[in-house]
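Here is the structure we will look at.
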Amino acid sequence: MGVVQRQAPSSEDDRSLLARLAGGDCIALETLYRRHAPWLMTRLDSRCGDRELADAALQETFLAVWRKPTAYRGDGDVAAWLWGIAVRRLIDELRRRRVPPIDPALITDPLLERQDVFHRTAPAGTEEMALADPRYGELGPAIQNLAPELRAVLIATAIDGLSTKEAARLLGVPQGTVKTRLMRARHAMQEALA
Amino acid sequence: MDIVRLEANWAVIRAELEAPRPRLLERTLRRLGIPAAATRLVVATPALRRAWLAAVAVVVLLGIGAAQPDDPGSLWTFLVLTPILPVLGVALAYGPASDPMYEAQLATPMQGLRLLAVRALVVQVVAVAVGGAVALLTPSIRPMALAWLLPGLALTAAMVAGMSALTPRRAAASTAVAWVLGVVLTGAVTSDQLAAFAPGGQLVMLVVGLVAMLLAYRRRDRFDHLALT
């Protein structure tokens, strides 16, 4: 299996699945899992480089959805909401197991490497749409060309939507460092895209 | 994409969904860092829960009884009876007569003494918490409010040690009788009703408790074959 195959588009959309979940429907959770777990797993892998950790975060994500499907407020994409949960579970797992954060050089986003694959597999949030849009074709390579530690910070904040505090936890650096790196990343991006 | 891995993760989620959700008590205990095996044991035992309720009810009633400032005997009653409650709680929580899990436990690899100790500890903690709260909230007994803590621990330890040779109920009864006799005799000899709770008496109870724990530990193999009747 080379390329992620997204399940054939189900007749039921994510929101109504969540509504069924709220009624305790186990099948709805499975449908949601089949649809979203593949890209969530790929992306979690790309953020931590430890498969065991990514697995734990993935499991916790769907358990959290099962326990509280009503946490979805109905604004924005369900996929983006799921990723928000998943990346925070990953941070929790990192802290709980006290694993040293990985080398920022290894942090990447599938989107930045193979836009075609990611575009087909991941229901995209606004940022991903922007990045995957051919009109912004230079954005992806520009991020890829950043220094690793700057790229990691940019991915954590701009793509994952983490606060600087959460990004600091994910990357294992002080919050101030995240802020300075973010600023430097912005300058570098401005220059690259000028 | 790793289908095997996706399926394995789904299997874990699925198992978690199907497992009964731990009740509030169990989750609280786990959050306090108590191992899952011990928390399950605590909540899986209806006999233990009944024992708690009984202990709590009696302590509350005693506390109310002891709150009569005109009656000097009420403090004595409170101090003598409160340390025995955990002992009775453990006796009720253990043994074939009251525990539907008893047979199952004999077949488990968990050591008998450890099992008994976990339960004794749970009953003790509840009794100490409730008894302490009642004592501190009752002005007339406040100066002596905590004088029963050490005797309570010592008596539970003594009873556990006694269970290496006797049935739970006999061990509890002997411990209780020995305690009441000890307090009464000490009171008669020193002509101070509460002499057993003075620093000297506390020291004796500390020694009794430590010796009992040591004894129970040395005879730990006996707990795997407790007398059935």
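Residue names in the structure tokens use chain letters A, B, ... in the order shown, residue numbers from 1 in each chain, and ligand numbers from 1 in the order shown.
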
Do me a favour and pick out the residues of chain A within 10 Å of chain B, using only C-alpha atoms, as a ChimeraX atom specification. /A:1-5,26,29-30,33-34,37-39,41-42,51,55-56,58-63,66-67

Alpha helix (DSSP H) per DSSP on the backbone: members of stretch 130-193 of chain A, as number ranges by chain: A: 130-132, 139-144, 148-154, 164-171, 175-193

Have a look at atom CA of B:Leu210 and atom CA of B:Val130 and let me know their distance in Å, one decimal. 24.1 Å

Residue with the minimum atom-to-atom distance to A:Gly140, picked from A:Ala79, A:Ala192, A:Ala28, A:Ile91 with only C-alpha atoms counted, is A:Ala192

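Distances to B:Leu121 were evaluated for B:Val58, B:Leu153, B:Ile84, B:Leu166 using only C-alpha atoms, and the minimum falls at B:Leu153.
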
Using atom CA of A:Gln190 and atom CA of A:Asp160 as the two end points, give the distance in Å to one decimal. 20.4 Å

Which polymer residues have any atom within 7 Å of an atom of B:Val90, counting only C-alpha atoms, with same-chain residues fewer than 5 positions away left out, as a ChimeraX atom specification? /B:119-120,123

Compile the contact shell of B:Phe197 as JSON, numbers by chain: residues with an atom at most 9 Å away, counting only C-alpha atoms, same-chain residues fewer than 2 positions apart removed. {"B": [79, 144, 147, 148, 151, 183, 194, 195, 199, 200, 201, 202]}

Selected residues, N, CA, C and O atoms, written as a PDB file, in the first residue's frame, please.
ATOM      1  N   LEU B  79     -13.391   7.507  72.593  1.00  0.00           N
ATOM      2  CA  LEU B  79     -11.978   7.139  72.420  1.00  0.00           C
ATOM      3  C   LEU B  79     -11.771   5.634  72.433  1.00  0.00           C
ATOM      4  O   LEU B  79     -10.887   5.119  71.764  1.00  0.00           O
ATOM      5  N   MET B 144      -8.747  16.010  72.747  1.00  0.00           N
ATOM      6  CA  MET B 144      -8.315  14.623  72.643  1.00  0.00           C
ATOM      7  C   MET B 144      -8.701  14.021  71.293  1.00  0.00           C
ATOM      8  O   MET B 144      -8.646  12.804  71.104  1.00  0.00           O
ATOM      9  N   ALA B 147      -6.455  11.433  69.708  1.00  0.00           N
ATOM     10  CA  ALA B 147      -5.756  10.490  70.578  1.00  0.00           C
ATOM     11  C   ALA B 147      -5.999   9.043  70.186  1.00  0.00           C
ATOM     12  O   ALA B 147      -5.287   8.148  70.618  1.00  0.00           O
ATOM     13  N   TRP B 148      -7.022   8.787  69.355  1.00  0.00           N
ATOM     14  CA  TRP B 148      -7.341   7.397  69.014  1.00  0.00           C
ATOM     15  C   TRP B 148      -6.653   6.924  67.736  1.00  0.00           C
ATOM     16  O   TRP B 148      -6.773   5.773  67.364  1.00  0.00           O
ATOM     17  N   PRO B 151      -3.765   4.252  68.469  1.00  0.00           N
ATOM     18  CA  PRO B 151      -4.391   2.986  68.878  1.00  0.00           C
ATOM     19  C   PRO B 151      -5.132   2.315  67.720  1.00  0.00           C
ATOM     20  O   PRO B 151      -5.072   1.089  67.578  1.00  0.00           O
ATOM     21  N   VAL B 183      -7.622  -0.815  78.314  1.00  0.00           N
ATOM     22  CA  VAL B 183      -7.962   0.564  78.688  1.00  0.00           C
ATOM     23  C   VAL B 183      -8.551   0.613  80.093  1.00  0.00           C
ATOM     24  O   VAL B 183      -8.185   1.459  80.914  1.00  0.00           O
ATOM     25  N   LEU B 194      -8.601   7.995  81.423  1.00  0.00           N
ATOM     26  CA  LEU B 194      -8.064   8.153  80.070  1.00  0.00           C
ATOM     27  C   LEU B 194      -6.550   7.923  80.006  1.00  0.00           C
ATOM     28  O   LEU B 194      -5.898   8.334  79.046  1.00  0.00           O
ATOM     29  N   ALA B 195      -6.010   7.249  81.031  1.00  0.00           N
ATOM     30  CA  ALA B 195      -4.559   7.069  81.110  1.00  0.00           C
ATOM     31  C   ALA B 195      -3.996   6.400  79.858  1.00  0.00           C
ATOM     32  O   ALA B 195      -2.888   6.705  79.424  1.00  0.00           O
ATOM     33  N   PRO B 199       0.614  10.156  76.782  1.00  0.00           N
ATOM     34  CA  PRO B 199       1.808   9.835  75.983  1.00  0.00           C
ATOM     35  C   PRO B 199       2.360   8.444  76.239  1.00  0.00           C
ATOM     36  O   PRO B 199       2.728   7.744  75.287  1.00  0.00           O
ATOM     37  N   GLY B 200       2.383   8.006  77.489  1.00  0.00           N
ATOM     38  CA  GLY B 200       2.893   6.672  77.794  1.00  0.00           C
ATOM     39  C   GLY B 200       2.103   5.595  77.066  1.00  0.00           C
ATOM     40  O   GLY B 200       2.664   4.699  76.432  1.00  0.00           O
ATOM     41  N   GLY B 201       0.781   5.723  77.155  1.00  0.00           N
ATOM     42  CA  GLY B 201      -0.093   4.757  76.503  1.00  0.00           C
ATOM     43  C   GLY B 201       0.093   4.763  74.996  1.00  0.00           C
ATOM     44  O   GLY B 201       0.121   3.715  74.343  1.00  0.00           O
ATOM     45  N   GLN B 202       0.243   5.960  74.424  1.00  0.00           N
ATOM     46  CA  GLN B 202       0.452   6.068  72.978  1.00  0.00           C
ATOM     47  C   GLN B 202       1.711   5.327  72.561  1.00  0.00           C
ATOM     48  O   GLN B 202       1.743   4.657  71.524  1.00  0.00           O
TER      49      GLN B 202
END

Need the shell around A:Asp75: protein/DNA/RNA residues with any atom at most 12 Å away, counting only C-alpha atoms. Skip same-chain ones fewer than 4 positions apart. Format as number ranges by chain? A: 15, 71, 79-81, 125

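Pairwise distance (atom CA of B:Arg169, atom CA of B:Gly89) equals 10.4 Å.
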
Taking 2 positions as the minimum chain separation for residues in the same chain, which residues sit within 6 Å of stretch 163-178 of chain A when counting only C-alpha atoms? Answer as a ChimeraX atom specification. /A:91,101,156,180-182

Quick one: write out the picked residues with N, CA and C atoms as an mmCIF file, in the first residue's frame?
data_model
loop_
_atom_site.group_PDB
_atom_site.id
_atom_site.type_symbol
_atom_site.label_atom_id
_atom_site.label_comp_id
_atom_site.auth_asym_id
_atom_site.auth_seq_id
_atom_site.Cartn_x
_atom_site.Cartn_y
_atom_site.Cartn_z
ATOM 1 N N ILE A 91 1.013 16.131 22.583
ATOM 2 C CA ILE A 91 1.778 16.904 23.564
ATOM 3 C C ILE A 91 1.631 16.280 24.950
ATOM 4 N N PRO A 101 12.077 15.587 23.212
ATOM 5 C CA PRO A 101 11.502 15.999 21.943
ATOM 6 C C PRO A 101 12.456 15.649 20.809
ATOM 7 N N ALA A 156 4.210 24.096 13.792
ATOM 8 C CA ALA A 156 3.453 23.916 15.031
ATOM 9 C C ALA A 156 2.430 25.032 15.226
ATOM 10 N N THR A 180 10.775 33.973 19.500
ATOM 11 C CA THR A 180 11.846 34.537 18.652
ATOM 12 C C THR A 180 11.975 33.775 17.351
ATOM 13 N N ARG A 181 11.881 32.433 17.452
ATOM 14 C CA ARG A 181 12.023 31.650 16.224
ATOM 15 C C ARG A 181 10.893 31.937 15.252
ATOM 16 N N LEU A 182 9.708 32.149 15.814
ATOM 17 C CA LEU A 182 8.564 32.447 14.963
ATOM 18 C C LEU A 182 8.797 33.761 14.221
#

I'd like to know which of B:Val189, B:Ala198, B:Ala161, B:Ala176 is closest to B:Tyr217, using only C-alpha atoms. B:Ala161

Show which residues sit within 8 Å of A:Ala22, as a PyMOL selection string. Count only C-alpha atoms, and ignore same-chain residues fewer than 6 positions away. chain A and resi 66+68-70

Those selected residues, please, written with N, CA, C and O atoms and delivered as a PDB file, in the first residue's frame.
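Everything below was put into part.pdb:
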ATOM      1  N   TRP A  66     -15.192  10.102  21.421  1.00  0.00           N
ATOM      2  CA  TRP A  66     -16.284   9.225  21.862  1.00  0.00           C
ATOM      3  C   TRP A  66     -16.901   9.725  23.162  1.00  0.00           C
ATOM      4  O   TRP A  66     -18.109   9.737  23.342  1.00  0.00           O
ATOM      5  N   LYS A  68     -16.767  12.772  24.395  1.00  0.00           N
ATOM      6  CA  LYS A  68     -17.387  14.100  24.360  1.00  0.00           C
ATOM      7  C   LYS A  68     -17.537  14.620  22.942  1.00  0.00           C
ATOM      8  O   LYS A  68     -16.853  15.569  22.552  1.00  0.00           O
ATOM      9  N   PRO A  69     -18.417  14.006  22.179  1.00  0.00           N
ATOM     10  CA  PRO A  69     -18.594  14.479  20.795  1.00  0.00           C
ATOM     11  C   PRO A  69     -19.203  15.867  20.757  1.00  0.00           C
ATOM     12  O   PRO A  69     -19.088  16.577  19.753  1.00  0.00           O
ATOM     13  N   THR A  70     -19.832  16.267  21.851  1.00  0.00           N
ATOM     14  CA  THR A  70     -20.486  17.574  21.866  1.00  0.00           C
ATOM     15  C   THR A  70     -19.476  18.707  21.986  1.00  0.00           C
ATOM     16  O   THR A  70     -19.846  19.870  21.899  1.00  0.00           O
TER      17      THR A  70
END
